[in-house]
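Report on the following structure.
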Protein chains: 2
Amino acid sequence: MEKKGLLIVVSGPSGAGKGTVLAHTTEKYSNLKYSVSVTTRAPRDGEVDGVNYFFKSVEQFKKMVAGGEFLEHKEVHNNYYGTPLAHVQKNLSDGYDVVLEIDTEGALDVKNIYPDCVMIFITPEKFSTIEKRLRGRSTESEEQIQIRIQNAYKELKQAVYYDYIVVNEDAQQAAMDVISIIEAEKCKVKNNKKFIDNLIYGGK
Amino acid sequence: MEKKGLLIVVSGPSGAGKGTVLAHTTEKYSNLKYSVSVTTRAPRDGEVDGVNYFFKSVEQFKKMVAGGEFLEHKEVHNNYYGTPLAHVQKNLSDGYDVVLEIDTEGALDVKNIYPDCVMIFITPEKFSTIEKRLRGRSTESEEQIQIRIQNAYKELKQAVYYDYIVVNEDAQQAAMDVISIIEAEKCKVKNNKKFIDNLIYGGK
């Protein structure tokens, strides 16, 4: 089978548990590399540069934008976030599968640039779970929580533009579903044209 | 997630080991039902009516054809083979996934009737393996073996019309690939429209 890595784009509303699912996925599936984003926001407690994010100044970030160093980037609440292109390309050409965890807007940008990327949407089984999780972990005001809930709802409506939807009620099971999707994509005929050509015309 | 079963069509050249792969698959994945074909050919040693095939007379078979009881049927070397429609439909509506093991011609007929079926092509990694397996198990003349090899080669060329290609070097691994494909298909957005609608519009 072919050696080229797959680009996997994962989105889902806040409270869907994307981070936990992907942590289990990369743990179980060693060929998968998590693409670390660049951000200008300050590190939170426990966040490590190069692991959770690459932390940069606004000036450094803008220089990277000007240099075309991002696959996609955006501004959220006066902070910049971006997916560094070079890391993604290097891993893919080394045969690793790469997963990006980005919002639906960035995901559709990536799909335009890499039409072969695999788009996975992670969601809980019920919207009420999102609300419960957002309230459970938040120390924010009711107004801020309402904004987050509205945003989650907007993200959810974008699910129809994805290839796959993974329900996260049990993060280990959801990770197994993500791995099945990767394995299945590797079996797709469209991803194995060279192999098939060689099988038919190389073997006779 | 939705409960409707998937129709899975498996083909591959003689000597690809489809039977062994599917035996491992149904063993590991209990929701998958193997569709037993109808045939007019005589049972071989050890073959059980209703397990390997439904054995029918030519007269019975022709009556079934006239009654529209087949999803697809064909004649090979003066014997008739067919996929009984009722069994497939009953299992699918009961929520089981159904796998048909049929030749590439029958598979493309099924795709026309059930465009949502999942088409999987099973093959060894190299054409020489097919030749070796056909020679290894055959008590036939060189001429007959050559016909089988030519047929295998013709079947192989149809792989490009399938959705997935599974390489069978290790039948257990190939069965895991088939299961990943089924699990991934169940996560496809197009197979979860109702779930997504309900998530978005039922939850607010």
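Here, A, B, ... name the chains of the structure tokens in the order displayed, residue numbers run from 1 inside each chain, and ligands are numbered from 1 in the same displayed order.
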
Item to check | Check: which chain A residues lie within 7 Å of chain B using only C-alpha atoms, as a list of chain:residue names | outcome: A:Lys126, A:Phe127, A:Ser128, A:Leu156, A:Lys157, A:Val160, A:Tyr162, A:Asp163, A:Tyr164, A:Ile165, A:Val166, A:Asp177, A:Ser180, A:Ile181, A:Glu183, A:Ala184, A:Cys187, A:Lys188, A:Val189, A:Leu199, A:Ile200, A:Gly203

Write a file of the just-selected residues containing C-alpha atoms, as a PDB file, in the first residue's frame.
```
ATOM      1  CA  LYS A 126     -26.926  15.258  22.541  1.00  0.00           C
ATOM      2  CA  PHE A 127     -26.662  19.021  22.492  1.00  0.00           C
ATOM      3  CA  SER A 128     -27.529  19.120  26.191  1.00  0.00           C
ATOM      4  CA  LEU A 156     -22.566  22.020  15.042  1.00  0.00           C
ATOM      5  CA  LYS A 157     -24.455  23.248  11.996  1.00  0.00           C
ATOM      6  CA  VAL A 160     -22.842  18.416   7.251  1.00  0.00           C
ATOM      7  CA  TYR A 162     -17.567  16.942   6.965  1.00  0.00           C
ATOM      8  CA  ASP A 163     -16.839  13.435   5.707  1.00  0.00           C
ATOM      9  CA  TYR A 164     -17.349  11.684   9.020  1.00  0.00           C
ATOM     10  CA  ILE A 165     -19.095  12.289  12.315  1.00  0.00           C
ATOM     11  CA  VAL A 166     -17.781  10.633  15.468  1.00  0.00           C
ATOM     12  CA  ASP A 177     -13.716   5.181  15.542  1.00  0.00           C
ATOM     13  CA  SER A 180     -11.087   2.953  11.942  1.00  0.00           C
ATOM     14  CA  ILE A 181     -11.637   5.997   9.738  1.00  0.00           C
ATOM     15  CA  GLU A 183      -7.473   2.650   8.425  1.00  0.00           C
ATOM     16  CA  ALA A 184     -10.444   2.707   6.043  1.00  0.00           C
ATOM     17  CA  CYS A 187      -7.801   1.245   1.959  1.00  0.00           C
ATOM     18  CA  LYS A 188      -9.642   3.646  -0.351  1.00  0.00           C
ATOM     19  CA  VAL A 189      -9.107   2.792  -4.001  1.00  0.00           C
ATOM     20  CA  LEU A 199      -0.635  -5.039  -9.251  1.00  0.00           C
ATOM     21  CA  ILE A 200      -2.271  -5.186 -12.680  1.00  0.00           C
ATOM     22  CA  GLY A 203       2.500  -8.381 -12.278  1.00  0.00           C
TER      23      GLY A 203
END
```

Next on the checklist: Residues near stretch 144-151 of chain A, anyone? I mean within 10 Å using only C-alpha atoms, not counting same-chain ones fewer than 4 positions away, as a PyMOL selection string.
Outcome noted: chain A and resi 13-15+127-128+130-132+134-135+138-140+155-156

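With only C-alpha atoms as the atoms that count, the residue of B:Lys90, B:Lys33, B:Lys28, B:Lys56 with the shortest distance to B:Ile8 is B:Lys33.
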
Checklist entry - Mind checking DSSP for stretch 3-204 of chain B and telling me the strand (DSSP E) residues as a PyMOL selection string? => result chain B and resi 7-11+32-34+37-39+53-55+70-76+79-84+97-101+118-123+164-167

Next on the checklist: Just the number, please: distance in Å from atom CA of B:Ala171 to atom CA of B:Val21, one decimal.
Outcome noted: 5.0 Å

Checklist entry - Using only C-alpha atoms, which residues sit within 6 Å of A:Glu72 once same-chain residues fewer than 2 positions away are excluded, as number ranges by chain? => result A: 70, 82-83

Requested write-out: N, CA, C and O atoms of the selected residues, as a PDB file, in the first residue's frame:
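Output file result-v8.pdb is given in full below:
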```
ATOM      1  N   PHE A  70       1.676  29.755   7.007  1.00  0.00           N
ATOM      2  CA  PHE A  70       0.514  29.084   7.612  1.00  0.00           C
ATOM      3  C   PHE A  70      -0.369  28.387   6.583  1.00  0.00           C
ATOM      4  O   PHE A  70      -0.590  28.908   5.482  1.00  0.00           O
ATOM      5  N   GLY A  82      -2.616  29.853  14.316  1.00  0.00           N
ATOM      6  CA  GLY A  82      -2.312  29.400  12.951  1.00  0.00           C
ATOM      7  C   GLY A  82      -1.752  27.987  12.927  1.00  0.00           C
ATOM      8  O   GLY A  82      -1.203  27.501  13.916  1.00  0.00           O
ATOM      9  N   THR A  83      -1.913  27.331  11.778  1.00  0.00           N
ATOM     10  CA  THR A  83      -1.371  25.981  11.578  1.00  0.00           C
ATOM     11  C   THR A  83      -0.111  26.096  10.733  1.00  0.00           C
ATOM     12  O   THR A  83      -0.184  26.500   9.571  1.00  0.00           O
TER      13      THR A  83
END
```

Checklist entry - Could you work out how far atom CA of A:Tyr34 lies from atom CA of A:Ile122, giving the answer in Å with one decimal? => result 15.9 Å

Next on the checklist: Env of stretch 57-60 of chain B: 8 Å cut, atoms = only C-alpha atoms, seq-sep filter 2 positions within chain, self excluded. Answer as a list in words.
Outcome noted: Thr40, Phe55, Lys62, Lys63, Met64 and Tyr80 of chain B

Take the selection from the previous step and output its residues with N, CA, C and O atoms, as an mmCIF file, in the first residue's frame.
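To be explicit, this is the file written out as out10.cif:
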```
data_model
loop_
_atom_site.group_PDB
_atom_site.id
_atom_site.type_symbol
_atom_site.label_atom_id
_atom_site.label_comp_id
_atom_site.auth_asym_id
_atom_site.auth_seq_id
_atom_site.Cartn_x
_atom_site.Cartn_y
_atom_site.Cartn_z
ATOM 1 N N THR B 40 -27.366 -23.820 -8.627
ATOM 2 C CA THR B 40 -27.884 -25.080 -9.185
ATOM 3 C C THR B 40 -26.778 -26.135 -9.273
ATOM 4 O O THR B 40 -27.042 -27.266 -9.648
ATOM 5 N N PHE B 55 -28.968 -24.939 -2.273
ATOM 6 C CA PHE B 55 -28.888 -25.759 -3.483
ATOM 7 C C PHE B 55 -30.285 -25.965 -4.056
ATOM 8 O O PHE B 55 -31.190 -26.431 -3.354
ATOM 9 N N LYS B 62 -35.011 -21.113 -12.081
ATOM 10 C CA LYS B 62 -35.651 -20.316 -13.133
ATOM 11 C C LYS B 62 -36.954 -19.696 -12.639
ATOM 12 O O LYS B 62 -37.315 -18.585 -13.036
ATOM 13 N N LYS B 63 -37.638 -20.417 -11.763
ATOM 14 C CA LYS B 63 -38.880 -19.901 -11.173
ATOM 15 C C LYS B 63 -38.570 -18.676 -10.294
ATOM 16 O O LYS B 63 -39.307 -17.681 -10.297
ATOM 17 N N MET B 64 -37.464 -18.770 -9.569
ATOM 18 C CA MET B 64 -37.052 -17.639 -8.721
ATOM 19 C C MET B 64 -36.682 -16.425 -9.573
ATOM 20 O O MET B 64 -37.001 -15.287 -9.226
ATOM 21 N N TYR B 80 -26.119 -22.082 -12.502
ATOM 22 C CA TYR B 80 -26.676 -20.772 -12.160
ATOM 23 C C TYR B 80 -26.326 -20.410 -10.715
ATOM 24 O O TYR B 80 -26.266 -21.290 -9.851
#
```

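Excluding stretch 99-109 of chain A and any residue on its chain fewer than 3 positions from it, the residues at most 6 Å away by only C-alpha atoms are Ile8, Val9, Val10, Ser11, Tyr34, Ser35 and Asn112 of chain A.
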
How about saving the chosen residues, all heavy atoms kept, as a compact mmCIF listing (two decimals), in the first residue's frame?
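The file below, result-v5.txt, is the result:
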```txt
# COMPACT_ATOMS: atom_id res chain seq x y z
N ILE A 8 -5.61 14.76 8.34
CA ILE A 8 -6.90 14.58 9.00
C ILE A 8 -7.27 15.86 9.74
O ILE A 8 -6.48 16.36 10.56
CB ILE A 8 -6.84 13.38 9.96
CG1 ILE A 8 -6.59 12.12 9.14
CG2 ILE A 8 -8.12 13.24 10.77
CD1 ILE A 8 -5.68 11.16 9.77
N VAL A 9 -8.43 16.38 9.43
CA VAL A 9 -8.88 17.63 10.03
C VAL A 9 -10.02 17.30 11.00
O VAL A 9 -11.01 16.69 10.60
CB VAL A 9 -9.37 18.60 8.94
CG1 VAL A 9 -9.94 19.86 9.57
CG2 VAL A 9 -8.23 18.93 7.99
N VAL A 10 -9.83 17.68 12.26
CA VAL A 10 -10.84 17.38 13.27
C VAL A 10 -11.42 18.68 13.82
O VAL A 10 -10.69 19.58 14.23
CB VAL A 10 -10.25 16.53 14.42
CG1 VAL A 10 -11.21 16.43 15.59
CG2 VAL A 10 -9.89 15.13 13.91
N SER A 11 -12.74 18.76 13.81
CA SER A 11 -13.44 19.90 14.41
C SER A 11 -14.55 19.37 15.30
O SER A 11 -14.81 18.17 15.35
CB SER A 11 -14.06 20.79 13.34
OG SER A 11 -13.12 21.21 12.40
N TYR A 34 0.17 14.82 15.88
CA TYR A 34 -0.71 15.95 16.19
C TYR A 34 -0.02 17.23 15.76
O TYR A 34 1.13 17.47 16.12
CB TYR A 34 -0.97 15.96 17.70
CG TYR A 34 -1.97 16.98 18.15
CD1 TYR A 34 -3.32 16.68 18.17
CD2 TYR A 34 -1.56 18.25 18.55
CE1 TYR A 34 -4.25 17.62 18.59
CE2 TYR A 34 -2.48 19.20 18.97
CZ TYR A 34 -3.82 18.87 18.99
OH TYR A 34 -4.74 19.80 19.39
N SER A 35 -0.70 18.01 14.92
CA SER A 35 -0.08 19.25 14.46
C SER A 35 -0.23 20.33 15.53
O SER A 35 -1.34 20.71 15.90
CB SER A 35 -0.76 19.71 13.17
OG SER A 35 -0.38 21.04 12.88
N ASN A 112 -10.05 23.44 1.06
CA ASN A 112 -9.83 24.08 -0.24
C ASN A 112 -8.41 23.89 -0.74
O ASN A 112 -8.18 23.74 -1.93
CB ASN A 112 -10.13 25.59 -0.15
CG ASN A 112 -11.61 25.87 -0.33
OD1 ASN A 112 -12.30 25.12 -1.03
ND2 ASN A 112 -12.09 26.92 0.31
```

Proximity check stretch 96-161 of chain A to stretch 29-32 of chain A, 10 Å, nearest pairs one decimal Å, only C-alpha atoms, as a Markdown table:
```
| residue | atom | partner | partner_atom | distance |
| --- | --- | --- | --- | --- |
| A:Tyr96 | CA | A:Asn31 | CA | 5.4 |
| A:Asp97 | CA | A:Leu32 | CA | 4.7 |
| A:Val98 | CA | A:Leu32 | CA | 5.6 |
| A:Val99 | CA | A:Leu32 | CA | 6.9 |
```

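Atom pair atom CA of B:Tyr114 / atom CA of B:Leu22: separated by 20.8 Å.
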